[in-house]
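Coordinates from coords17.tsv are shown below (TSV, C-alpha atoms and all ligand atoms).
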chain	number	residue	atom	x	y	z
A	1	MET	CA	-1.45	16.53	-2.97
A	2	LYS	CA	-2.87	13.63	-1.05
A	3	ILE	CA	-1.25	10.52	0.36
A	4	ILE	CA	-3.37	7.79	1.90
A	5	GLY	CA	-2.19	5.12	4.30
A	6	LEU	CA	-3.64	1.61	4.25
A	7	ASN	CA	-3.21	-0.20	7.55
A	8	GLY	CA	-3.40	-3.91	6.78
A	9	SER	CA	-3.46	-5.08	10.40
A	10	PRO	CA	-6.64	-6.55	11.85
A	11	ARG	CA	-5.64	-4.58	14.99
A	12	LYS	CA	-6.51	-0.98	14.23
A	13	GLU	CA	-4.58	0.40	17.17
A	14	GLY	CA	-1.60	-1.93	16.78
A	15	ASN	CA	1.97	-1.29	15.73
A	16	THR	CA	1.28	-1.04	12.00
A	17	GLY	CA	-1.50	1.44	12.64
A	18	PHE	CA	0.88	3.50	14.78
A	19	LEU	CA	3.65	3.54	12.14
A	20	VAL	CA	1.29	4.37	9.28
A	21	LYS	CA	-0.25	7.16	11.35
A	22	TYR	CA	3.21	8.40	12.37
A	23	THR	CA	4.24	8.67	8.70
A	24	LEU	CA	1.00	10.43	7.72
A	25	GLU	CA	1.45	12.92	10.58
A	26	ARG	CA	4.94	13.81	9.31
A	27	LEU	CA	3.43	14.39	5.85
A	28	GLU	CA	0.63	16.54	7.30
A	29	GLU	CA	3.30	18.71	8.97
A	30	LYS	CA	4.65	19.35	5.47
A	31	GLY	CA	1.23	20.51	4.25
A	32	ILE	CA	0.36	17.27	2.47
A	33	GLU	CA	-3.23	16.05	2.89
A	34	THR	CA	-3.49	12.51	4.23
A	35	GLU	CA	-6.08	9.91	5.15
A	36	GLN	CA	-5.60	6.67	7.05
A	37	ILE	CA	-7.70	3.68	6.07
A	38	ASP	CA	-7.74	0.88	8.62
A	39	LEU	CA	-8.67	-2.22	6.65
A	40	ALA	CA	-10.03	-3.72	9.88
A	41	ASP	CA	-13.04	-1.43	9.37
A	42	TYR	CA	-13.79	-2.77	5.89
A	43	ASN	CA	-15.28	-5.93	4.48
A	44	ILE	CA	-13.05	-7.01	1.59
A	45	LYS	CA	-13.57	-10.27	-0.28
A	46	GLN	CA	-10.68	-12.01	-1.97
A	47	CYS	CA	-10.02	-11.93	-5.71
A	48	ARG	CA	-11.93	-14.85	-7.25
A	49	GLY	CA	-9.89	-14.94	-10.47
A	50	CYS	CA	-12.97	-14.48	-12.67
A	51	TYR	CA	-11.16	-12.15	-15.13
A	52	GLU	CA	-14.40	-10.19	-15.52
A	53	CYS	CA	-12.46	-6.98	-14.85
A	54	VAL	CA	-10.68	-7.44	-18.19
A	55	ASN	CA	-13.86	-6.42	-20.02
A	56	ALA	CA	-15.80	-4.67	-17.25
A	57	LYS	CA	-12.80	-2.37	-16.57
A	58	LYS	CA	-13.48	-2.65	-12.85
A	59	CYS	CA	-13.75	-5.35	-10.22
A	60	THR	CA	-17.19	-6.94	-10.48
A	61	ILE	CA	-17.34	-8.57	-7.04
A	62	GLN	CA	-20.42	-7.21	-5.30
A	63	GLY	CA	-21.41	-6.81	-1.69
A	64	ASP	CA	-18.25	-5.51	-0.05
A	65	ASP	CA	-16.28	-2.29	0.45
A	66	PHE	CA	-13.52	-2.79	-2.12
A	67	LEU	CA	-14.60	-0.15	-4.64
A	68	GLU	CA	-14.65	2.54	-1.94
A	69	ILE	CA	-11.00	1.81	-1.13
A	70	PHE	CA	-10.04	1.46	-4.81
A	71	GLU	CA	-11.48	4.91	-5.57
A	72	LYS	CA	-9.55	6.46	-2.69
A	73	MET	CA	-6.36	4.87	-4.06
A	74	VAL	CA	-7.07	6.13	-7.58
A	75	ASP	CA	-7.85	9.66	-6.33
A	76	SER	CA	-4.62	9.91	-4.29
A	77	ASP	CA	-1.10	10.88	-5.35
A	78	GLY	CA	0.24	7.86	-3.58
A	79	PHE	CA	-0.09	5.52	-0.67
A	80	ILE	CA	1.69	4.02	2.29
A	81	LEU	CA	0.98	0.29	2.36
A	82	GLY	CA	1.34	-0.91	5.93
A	83	SER	CA	1.31	-4.51	7.06
A	84	PRO	CA	2.46	-6.56	10.00
A	85	SER	CA	4.51	-9.57	9.10
A	86	TYR	CA	2.33	-12.68	9.45
A	87	HIS	CA	4.58	-15.69	8.93
A	88	SER	CA	6.82	-13.38	6.88
A	89	SER	CA	3.95	-12.26	4.64
A	90	MET	CA	1.54	-9.37	4.36
A	91	THR	CA	-1.87	-9.91	5.95
A	92	PRO	CA	-4.68	-11.52	3.93
A	93	ARG	CA	-6.76	-8.35	4.07
A	94	LEU	CA	-4.04	-6.21	2.49
A	95	LYS	CA	-3.34	-8.95	-0.05
A	96	ALA	CA	-7.04	-9.05	-0.99
A	97	VAL	CA	-7.05	-5.30	-1.65
A	98	LEU	CA	-3.81	-5.38	-3.63
A	99	ASP	CA	-4.78	-8.41	-5.72
A	100	ARG	CA	-8.06	-6.85	-6.76
A	101	ALA	CA	-6.72	-3.30	-7.14
A	102	GLY	CA	-3.67	-4.37	-9.11
A	103	PHE	CA	-5.51	-6.69	-11.48
A	104	SER	CA	-8.62	-4.61	-12.13
A	105	GLY	CA	-6.45	-1.46	-12.18
A	106	ARG	CA	-4.48	-2.88	-15.09
A	107	TRP	CA	-7.56	-3.47	-17.25
A	108	TYR	CA	-8.92	-0.05	-16.35
A	109	ALA	CA	-7.07	1.35	-19.37
A	110	ASN	CA	-5.51	-1.60	-21.23
A	111	GLU	CA	-6.88	-4.36	-23.41
A	112	MET	CA	-5.86	-7.98	-22.84
A	113	LYS	CA	-3.18	-8.77	-25.41
A	114	GLU	CA	-3.74	-11.49	-27.98
A	115	LYS	CA	-1.15	-14.25	-28.26
A	116	SER	CA	2.26	-12.89	-29.39
A	117	ASP	CA	0.85	-9.37	-29.58
A	118	SER	CA	2.48	-6.59	-27.63
A	119	TYR	CA	0.63	-4.09	-25.51
A	120	GLU	CA	-0.37	-0.68	-26.56
A	121	TRP	CA	0.47	0.42	-23.04
A	122	LYS	CA	-1.93	2.96	-21.57
A	123	GLY	CA	-0.83	2.75	-17.95
A	124	THR	CA	-2.58	1.37	-14.90
A	125	ALA	CA	-4.95	3.07	-12.47
A	126	PHE	CA	-1.85	3.65	-10.34
A	127	SER	CA	0.76	4.75	-12.88
A	128	GLY	CA	3.11	7.37	-11.44
A	129	LYS	CA	1.73	7.17	-7.91
A	130	LEU	CA	4.19	7.10	-5.02
A	131	VAL	CA	4.01	3.84	-3.09
A	132	ALA	CA	5.96	3.03	0.06
A	133	PRO	CA	5.74	-0.14	2.13
A	134	VAL	CA	5.81	0.06	5.94
A	135	THR	CA	6.13	-3.32	7.61
A	136	VAL	CA	6.47	-4.42	11.22
A	137	ALA	CA	7.35	-7.62	13.01
A	138	ARG	CA	8.35	-8.73	16.45
A	139	ARG	CA	11.56	-10.41	15.28
A	140	ALA	CA	11.87	-11.36	11.60
A	141	GLY	CA	10.03	-11.27	8.32
A	142	GLN	CA	9.73	-7.52	7.78
A	143	ASN	CA	11.82	-7.65	4.61
A	144	PHE	CA	9.82	-10.45	3.00
A	145	THR	CA	6.63	-8.50	3.59
A	146	PHE	CA	8.36	-5.35	2.41
A	147	ALA	CA	9.45	-7.15	-0.77
A	148	GLN	CA	5.92	-8.40	-1.49
A	149	ILE	CA	4.63	-4.85	-1.37
A	150	LEU	CA	7.53	-3.57	-3.50
A	151	LEU	CA	6.76	-6.21	-6.12
A	152	TRP	CA	3.16	-5.03	-6.23
A	153	ALA	CA	4.24	-1.38	-6.60
A	154	THR	CA	6.80	-2.04	-9.29
A	155	VAL	CA	4.54	-4.17	-11.49
A	156	ASN	CA	1.84	-1.53	-11.25
A	157	ASP	CA	3.89	1.32	-12.74
A	158	CYS	CA	4.34	3.12	-9.41
A	159	ILE	CA	7.27	5.19	-8.15
A	160	VAL	CA	8.88	3.94	-4.93
A	161	PRO	CA	10.48	6.53	-2.62
A	162	GLY	CA	13.31	5.17	-0.48
A	163	SER	CA	14.63	6.12	2.92
A	164	ASN	CA	17.93	5.75	4.83
A	165	TYR	CA	16.95	2.16	5.69
A	166	TRP	CA	14.02	-0.11	4.80
A	167	ASN	CA	10.76	1.22	6.24
A	168	VAL	CA	10.39	-1.46	8.88
A	169	GLY	CA	9.45	-1.41	12.53
A	170	VAL	CA	10.53	-3.79	15.28
A	171	ALA	CA	7.71	-4.18	17.79
A	172	GLY	CA	5.07	-6.42	19.22
A	173	LYS	CA	6.77	-8.96	21.50
A	174	GLY	CA	4.00	-11.15	22.89
A	175	GLY	CA	1.49	-9.05	21.00
A	176	ALA	CA	2.58	-5.81	22.68
A	177	VAL	CA	1.78	-2.49	21.07
A	178	ASP	CA	5.06	-0.64	21.50
A	179	ALA	CA	6.16	0.64	18.08
A	180	ASP	CA	6.33	4.12	19.59
A	181	GLU	CA	9.52	2.97	21.37
A	182	ASP	CA	11.24	2.09	18.09
A	183	GLU	CA	13.23	5.32	17.68
A	184	GLU	CA	15.24	4.04	14.71
A	185	GLY	CA	12.04	2.93	12.99
A	186	LYS	CA	10.49	6.36	13.50
A	187	ASN	CA	13.61	8.07	12.13
A	188	ILE	CA	13.42	5.94	8.99
A	189	LEU	CA	9.83	7.11	8.55
A	190	ASN	CA	10.85	10.75	9.12
A	191	HIS	CA	13.26	10.48	6.21
A	192	LEU	CA	10.72	8.57	4.11
A	193	SER	CA	8.29	11.47	4.58
A	194	ASP	CA	11.04	13.93	3.48
A	195	ASN	CA	11.55	11.91	0.31
A	196	ILE	CA	7.82	11.67	-0.38
A	197	GLU	CA	7.54	15.45	-0.02
A	198	PHE	CA	10.55	15.96	-2.34
A	199	LEU	CA	9.11	13.69	-5.02
A	200	LEU	CA	5.57	15.05	-4.78
A	201	LYS	CA	6.89	18.58	-5.32
A	202	LYS	CA	8.96	17.49	-8.32
A	203	ILE	CA	6.07	15.59	-9.86
A	204	ASN	CA	3.46	18.30	-9.29
A	205	LYS	CA	5.52	21.32	-10.26
A	301	LIG	C1	-0.66	-14.69	12.78
A	301	LIG	C2	0.57	-13.97	13.20
A	301	LIG	C3	1.77	-14.23	12.56
A	301	LIG	C4	2.94	-13.57	12.94
A	301	LIG	N1	4.10	-13.80	12.27
A	301	LIG	C5	5.23	-13.16	12.63
A	301	LIG	C6	6.46	-13.36	11.91
A	301	LIG	O1	6.54	-14.06	10.93
A	301	LIG	N2	7.57	-12.72	12.38
A	301	LIG	C7	7.55	-11.90	13.47
A	301	LIG	O2	8.58	-11.38	13.85
A	301	LIG	N3	6.38	-11.63	14.11
A	301	LIG	C8	5.23	-12.24	13.72
A	301	LIG	N4	4.05	-11.97	14.35
A	301	LIG	C9	4.03	-10.87	15.34
A	301	LIG	C10	3.50	-9.58	14.70
A	301	LIG	O3	4.20	-9.23	13.54
A	301	LIG	C11	3.55	-8.43	15.70
A	301	LIG	O4	2.81	-8.74	16.85
A	301	LIG	C12	3.04	-7.14	15.10
A	301	LIG	O5	3.15	-6.13	16.07
A	301	LIG	C13	1.58	-7.24	14.68
A	301	LIG	O6	1.22	-6.04	14.04
A	301	LIG	P1	0.05	-5.12	14.61
A	301	LIG	O7	0.49	-4.66	15.98
A	301	LIG	O8	-0.02	-4.01	13.64
A	301	LIG	O9	-1.19	-5.93	14.66
A	301	LIG	C14	2.89	-12.61	13.99
A	301	LIG	C15	1.66	-12.35	14.63
A	301	LIG	C16	0.52	-13.02	14.24
A	301	LIG	C17	-0.79	-12.68	14.94

Give the structure from the file, written as structure tokens.
Ligand SMILES: Cc1cc2nc3c(=O)[nH]c(=O)nc-3n(C[C@H](O)[C@H](O)[C@H](O)COP(=O)(O)O)c2cc1C
Amino acid sequence: MKIIGLNGSPRKEGNTGFLVKYTLERLEEKGIETEQIDLADYNIKQCRGCYECVNAKKCTIQGDDFLEIFEKMVDSDGFILGSPSYHSSMTPRLKAVLDRAGFSGRWYANEMKEKSDSYEWKGTAFSGKLVAPVTVARRAGQNFTFAQILLWATVNDCIVPGSNYWNVGVAGKGGAVDADEDEEGKNILNHLSDNIEFLLKKINK
């Protein structure tokens, strides 16, 4: 059982990085293997809308690190998708990964449907994986960012574990890195990790 955490902040050691790491540490304590991927360390180009993945069955953009991250996502049982709120949205680097992973992951197994034809649905690269957003903002916008990630997860055939509140952190006034002081935020992530453990055990039994 392996859960990976994507940290979408350009600041590796920022609040998002802390909260993703915090969640992965709780999962490690439960015997679940984890890996944190700080997108700040990777060169990821944006989706260019070429549709080549429909036939190629993978993203054809060359010269960046996307496929390495995509393979880690495919090989996992699920992922934490962490992003700071930037003007109430996820960061461009996380969006670039999710656009390319979601679109090419769909054509991994399916054929593009002809007009008025229905799918013979074969799942996506991420079908049945557990996906949980973790978002952080200084003041407002966590839920918009959270919703963007939820929309990605739920159109990609994933299973979304909940918690006792939305998985959001309140931190970063004036750019401060102080998510460790957000006790309520950490408690939400404690319960999220309990629910991820519960679901992983049910799914893998
Ligand atoms: C470009 C930019 C846009 C931001 N937009 C928002 C926002 O919409 N709402 C908010 O409360 N904080 C906003 N912030 C503050 C960040 O969400 C906050 O500093 C957060 O801690 C950054 O995450 P990080 O520490 O993981 O880098 C913004 C910060 C930047 C740099």

Set out as a tab-separated table a contact list for chain A and ligand LIG 301 (chain A) with a cut-off of 7 Å, giving each residue of chain A that qualifies its closest atom pair and distance in Å to one decimal, counting all atoms listed in the file, ordered by chain and rising residue number.
residue	atom	partner	partner_atom	distance
A:Ser9	CA	A:LIG301	O8	4.8
A:Pro10	CA	A:LIG301	O9	6.2
A:Arg11	CA	A:LIG301	O9	4.7
A:Gly14	CA	A:LIG301	O7	3.5
A:Asn15	CA	A:LIG301	O7	3.7
A:Thr16	CA	A:LIG301	O8	3.6
A:Gly17	CA	A:LIG301	O8	5.7
A:Ser83	CA	A:LIG301	O8	6.7
A:Pro84	CA	A:LIG301	O6	4.3
A:Ser85	CA	A:LIG301	O3	4.5
A:Tyr86	CA	A:LIG301	N1	3.5
A:His87	CA	A:LIG301	O1	3.2
A:Ser88	CA	A:LIG301	O1	4.1
A:Val136	CA	A:LIG301	O3	5.8
A:Ala137	CA	A:LIG301	O3	3.6
A:Arg138	CA	A:LIG301	O2	3.7
A:Arg139	CA	A:LIG301	O2	3.4
A:Ala140	CA	A:LIG301	O2	4.0
A:Gly141	CA	A:LIG301	N2	5.0
A:Ala171	CA	A:LIG301	O5	5.2
A:Gly172	CA	A:LIG301	O5	3.7
A:Lys173	CA	A:LIG301	O4	6.1
A:Gly174	CA	A:LIG301	O4	6.6
A:Gly175	CA	A:LIG301	O4	4.4
A:Ala176	CA	A:LIG301	O4	6.5
A:Val177	CA	A:LIG301	O7	5.7

Keeping only C-alpha atoms, write the selected residues to a file as a PDB file, in the frame of the given file.
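And here is the file that came out, selection.pdb:
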ATOM      1  CA  SER A   9      -3.460  -5.080  10.400  1.00  0.00           C
ATOM      2  CA  PRO A  10      -6.640  -6.550  11.850  1.00  0.00           C
ATOM      3  CA  ARG A  11      -5.640  -4.580  14.990  1.00  0.00           C
ATOM      4  CA  GLY A  14      -1.600  -1.930  16.780  1.00  0.00           C
ATOM      5  CA  ASN A  15       1.970  -1.290  15.730  1.00  0.00           C
ATOM      6  CA  THR A  16       1.280  -1.040  12.000  1.00  0.00           C
ATOM      7  CA  GLY A  17      -1.500   1.440  12.640  1.00  0.00           C
ATOM      8  CA  SER A  83       1.310  -4.510   7.060  1.00  0.00           C
ATOM      9  CA  PRO A  84       2.460  -6.560  10.000  1.00  0.00           C
ATOM     10  CA  SER A  85       4.510  -9.570   9.100  1.00  0.00           C
ATOM     11  CA  TYR A  86       2.330 -12.680   9.450  1.00  0.00           C
ATOM     12  CA  HIS A  87       4.580 -15.690   8.930  1.00  0.00           C
ATOM     13  CA  SER A  88       6.820 -13.380   6.880  1.00  0.00           C
ATOM     14  CA  VAL A 136       6.470  -4.420  11.220  1.00  0.00           C
ATOM     15  CA  ALA A 137       7.350  -7.620  13.010  1.00  0.00           C
ATOM     16  CA  ARG A 138       8.350  -8.730  16.450  1.00  0.00           C
ATOM     17  CA  ARG A 139      11.560 -10.410  15.280  1.00  0.00           C
ATOM     18  CA  ALA A 140      11.870 -11.360  11.600  1.00  0.00           C
ATOM     19  CA  GLY A 141      10.030 -11.270   8.320  1.00  0.00           C
ATOM     20  CA  ALA A 171       7.710  -4.180  17.790  1.00  0.00           C
ATOM     21  CA  GLY A 172       5.070  -6.420  19.220  1.00  0.00           C
ATOM     22  CA  LYS A 173       6.770  -8.960  21.500  1.00  0.00           C
ATOM     23  CA  GLY A 174       4.000 -11.150  22.890  1.00  0.00           C
ATOM     24  CA  GLY A 175       1.490  -9.050  21.000  1.00  0.00           C
ATOM     25  CA  ALA A 176       2.580  -5.810  22.680  1.00  0.00           C
ATOM     26  CA  VAL A 177       1.780  -2.490  21.070  1.00  0.00           C
TER      27      VAL A 177
END

Top pick for closest residue to A:Asn167, considering A:Ser104, A:Thr23, A:Asn43, A:Thr154 and counting all atoms listed in the file: A:Thr23

At most 12 Å is the cut-off: for each residue in stretch 4-95 of chain A with any atom that close to an atom of stretch 195-199 of chain A, write down the nearest atom pair and the distance in Å rounded to one decimal, counting all atoms listed in the file, chain first then increasing number, as a Markdown table.
| residue | atom | partner | partner_atom | distance |
| --- | --- | --- | --- | --- |
| A:Thr23 | CA | A:Ile196 | CA | 10.2 |
| A:Leu24 | CA | A:Ile196 | CA | 10.7 |
| A:Arg26 | CA | A:Glu197 | CA | 9.8 |
| A:Leu27 | CA | A:Glu197 | CA | 7.2 |
| A:Glu28 | CA | A:Glu197 | CA | 10.1 |
| A:Glu29 | CA | A:Glu197 | CA | 10.5 |
| A:Lys30 | CA | A:Glu197 | CA | 7.3 |
| A:Gly31 | CA | A:Glu197 | CA | 9.1 |
| A:Ile32 | CA | A:Glu197 | CA | 7.8 |
| A:Glu33 | CA | A:Glu197 | CA | 11.2 |
| A:Asp77 | CA | A:Ile196 | CA | 10.2 |
| A:Gly78 | CA | A:Ile196 | CA | 9.1 |
| A:Phe79 | CA | A:Ile196 | CA | 10.0 |
| A:Ile80 | CA | A:Ile196 | CA | 10.2 |

Could you write those residues out with C-alpha atoms, as a short mmCIF file (atom, residue, chain, number, x, y, z; two decimals), in the coordinates of the input?
data_model
loop_
_atom_site.label_atom_id
_atom_site.label_comp_id
_atom_site.auth_asym_id
_atom_site.auth_seq_id
_atom_site.Cartn_x
_atom_site.Cartn_y
_atom_site.Cartn_z
CA THR A 23 4.24 8.67 8.70
CA LEU A 24 1.00 10.43 7.72
CA ARG A 26 4.94 13.81 9.31
CA LEU A 27 3.43 14.39 5.85
CA GLU A 28 0.63 16.54 7.30
CA GLU A 29 3.30 18.71 8.97
CA LYS A 30 4.65 19.35 5.47
CA GLY A 31 1.23 20.51 4.25
CA ILE A 32 0.36 17.27 2.47
CA GLU A 33 -3.23 16.05 2.89
CA ASP A 77 -1.10 10.88 -5.35
CA GLY A 78 0.24 7.86 -3.58
CA PHE A 79 -0.09 5.52 -0.67
CA ILE A 80 1.69 4.02 2.29
#

So how far away is atom CA of A:Pro161 from atom CA of A:Val131, in Å? 7.0 Å

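Among the candidates A:Leu151, A:Ala132, A:Met112, A:Val74, the one nearest to A:Tyr51 when counting only C-alpha atoms is A:Met112.
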
Tell me, as an mmCIF file with C-alpha atoms, in the frame of the given file, which residues lie within 10 Å of A:Gly63, counting all atoms listed in the file; anything in the same chain fewer than 3 positions away does not count.
data_model
loop_
_atom_site.group_PDB
_atom_site.id
_atom_site.type_symbol
_atom_site.label_atom_id
_atom_site.label_comp_id
_atom_site.auth_asym_id
_atom_site.auth_seq_id
_atom_site.Cartn_x
_atom_site.Cartn_y
_atom_site.Cartn_z
ATOM 1 C CA ASN A 43 -15.280 -5.930 4.480
ATOM 2 C CA ILE A 44 -13.050 -7.010 1.590
ATOM 3 C CA LYS A 45 -13.570 -10.270 -0.280
ATOM 4 C CA THR A 60 -17.190 -6.940 -10.480
ATOM 5 C CA PHE A 66 -13.520 -2.790 -2.120
ATOM 6 C CA LEU A 67 -14.600 -0.150 -4.640
#

Separation of atom CA of A:Asn143 from atom CA of A:Ala125 in Å: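 Rounded to one decimal, the two atoms are 26.2 Å apart.
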
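Using all atoms listed in the file, the smallest distance between any of A:Asp41, A:Glu13, A:Glu52, A:Glu25 and A:Asn190 comes from A:Glu25.
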